[in-house]
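What follows is the content of target_14.txt, which has compact mmCIF, C-alpha atoms:
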```txt
# COMPACT_ATOMS: atom_id res chain seq x y z
CA MET A 1 107.47 88.92 103.31
CA LYS A 2 108.31 89.41 106.96
CA ASN A 3 107.76 92.17 109.50
CA LEU A 4 110.72 94.22 110.66
CA THR A 5 112.72 92.94 113.61
CA ILE A 6 112.68 94.76 116.93
CA THR A 7 116.26 95.92 116.30
CA GLU A 8 115.31 97.38 112.91
CA MET A 9 112.28 99.11 114.40
CA GLU A 10 114.38 100.56 117.22
CA LYS A 11 116.91 101.89 114.71
CA MET A 12 114.11 103.77 112.88
CA GLU A 13 112.03 104.68 115.94
CA ARG A 14 111.91 108.45 115.27
CA GLU A 15 111.10 108.06 111.58
CA LEU A 16 108.42 105.43 112.21
CA TYR A 17 106.76 107.64 114.81
CA ALA A 18 106.78 110.66 112.49
CA VAL A 19 105.38 108.63 109.59
CA SER A 20 102.62 107.14 111.76
CA GLU A 21 101.62 110.66 112.88
CA ASN A 22 101.49 111.99 109.30
CA PHE A 23 100.28 109.10 107.14
CA GLU A 24 97.73 106.32 107.42
CA GLY A 25 98.08 102.81 106.09
CA ILE A 26 101.88 102.73 105.75
CA SER A 27 103.52 99.37 106.33
CA ILE A 28 107.11 98.25 105.92
CA LEU A 29 108.01 94.65 105.23
CA LYS A 30 111.26 92.88 104.48
CA ASN A 31 112.05 90.14 101.97
CA ASN A 32 115.57 88.80 101.39
CA ASN A 33 117.33 91.88 102.84
CA THR A 34 115.13 94.27 100.83
CA TYR A 35 112.78 96.66 102.62
CA PHE A 36 109.45 97.42 100.93
CA VAL A 37 107.15 100.30 101.89
CA PHE A 38 103.46 99.88 101.16
CA GLN A 39 100.57 102.29 101.42
CA ASN A 40 97.21 100.67 102.10
CA ARG A 41 98.75 97.23 101.52
CA ASN A 42 96.55 94.57 100.00
CA GLU A 43 97.28 91.03 98.90
CA ASP A 44 99.42 92.24 95.97
CA ASP A 45 103.04 92.29 97.15
CA ASN A 46 104.06 94.05 93.92
CA ASN A 47 102.17 97.20 94.89
CA TRP A 48 104.97 98.84 96.91
CA ILE A 49 105.84 102.57 96.77
CA PHE A 50 109.52 102.39 97.78
CA SER A 51 112.15 99.69 98.15
CA THR A 52 115.78 99.58 99.23
CA THR A 53 118.35 97.19 100.65
CA ASN A 54 119.85 99.84 102.95
CA ILE A 55 118.13 100.66 106.24
CA ASN A 56 119.78 104.10 106.38
CA GLU A 57 118.38 104.92 102.95
CA LEU A 58 114.95 103.82 104.19
CA LYS A 59 115.31 106.09 107.24
CA GLY A 60 116.20 109.01 104.98
CA TRP A 61 113.29 108.34 102.66
CA LEU A 62 110.83 108.17 105.57
CA TYR A 63 112.25 111.42 106.98
CA GLY A 64 111.90 113.06 103.57
CA THR A 65 108.26 112.01 103.16
CA VAL A 66 107.31 113.67 106.44
CA GLN A 67 109.28 116.81 105.57
CA ALA A 68 107.61 117.02 102.15
CA LYS A 69 104.12 116.45 103.55
CA ASN A 70 104.65 119.28 106.01
CA LYS A 71 106.21 121.52 103.33
CA ILE A 72 109.53 121.73 105.16
CA ILE A 73 111.73 121.46 102.10
CA LYS A 74 115.13 123.13 102.00
```

Re-express the file's structure as C-alpha cells.
Amino acid sequence: MKNLTITEMEKMERELYAVSENFEGISILKNNNTYFVFQNRNEDDNNWIFSTTNINELKGWLYGTVQAKNKIIK
C-alpha cells in the first residue's frame, strides 16, 4: 500500500482537514487504484472501513462521515 500523492491530497484538501478535526487515527492508503480508509491502522491491511476506486466517491464518503458525526444530516 502507498500513501496518497500530493495531487490526490490537494483534490481532497477540505475533506481531509474536516476529517482530521473530527476523527483520530484515520489514514487513507492506495493500492492498485483502490483507496482504502483505515481507522487506527495496524499491520493488518484487511482491516479497512471503506474502499473505493473513485476519488470523488471517497471525497463524498469523507464529507458524509463528518456530517454524520456532527449530526448535520438532511

Tell me, counting all atoms listed in the file, for each residue of region 27-68 of chain A within 7 Å of region 11-22 of chain A, which pair of atoms is nearest and how far apart they are in Å to one decimal, in rows ordered by chain and increasing number, as CSV.
```
residue,atom,partner,partner_atom,distance
A:Lys59,CA,A:Met12,CA,6.2
A:Leu62,CA,A:Glu15,CA,6.0
A:Tyr63,CA,A:Glu15,CA,5.8
A:Val66,CA,A:Val19,CA,6.2
```

Just C-alpha atoms for this one: save the residues we selected as a compact mmCIF listing (two decimals), in the coordinates of the input.
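File produced: again-v1.txt:
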```
# COMPACT_ATOMS: atom_id res chain seq x y z
CA LYS A 59 115.31 106.09 107.24
CA LEU A 62 110.83 108.17 105.57
CA TYR A 63 112.25 111.42 106.98
CA VAL A 66 107.31 113.67 106.44
```

Worksheet item: In Å to one decimal, how far is CA of Lys71 (chain A) from CA of Asn47 (chain A)?
Response: 26.1 Å

Item to complete: Do a neighbour search on Phe38 (chain A) at 9 Å with only C-alpha atoms, toss out local chain neighbours closer than 3 positions, and write the hits as a list of chain:residue names.
Response: A:Gly25, A:Ile26, A:Ser27, A:Ile28, A:Leu29, A:Arg41, A:Asn42, A:Asp45, A:Asn47, A:Trp48, A:Ile49, A:Phe50

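Using all atoms listed in the file, the smallest distance between any of A:Tyr35, A:Glu24, A:Gly64, A:Ile72 and Glu8 (chain A) comes from A:Tyr35.
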
Worksheet item: What is the distance, in Å and to one decimal place, between CA of Lys30 (chain A) and CA of Asn3 (chain A)?
Response: 6.2 Å

Worksheet entry | Long-range neighbours of Thr34 (chain A) as a ChimeraX atom specification, 9 Å cut-off, only C-alpha atoms, 5 positions minimum in chain | /A:29,51-55

Worksheet item: Quick one: distance from CA of Leu4 (chain A) to CA of Asn31 (chain A) in Å, one decimal?
Response: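 Separation between CA of Leu4 (chain A) and CA of Asn31 (chain A): 9.7 Å.
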
Response to the item:
Residue with the minimum atom-to-atom distance to Phe23 (chain A), picked from A:Asn46, A:Asn40, A:Leu58, A:Met9 with all atoms listed in the file counted, is A:Asn40

Give the centre and edge lengths of an axis-aligned box, in Å to one decimal, that holds all listed atoms of region 64-68 of chain A with 3 Å on each side, as lines of an AutoDock Vina configuration file.
```
center_x = 109.6
center_y = 114.5
center_z = 104.3
size_x = 10.6
size_y = 11.0
size_z = 10.3
```
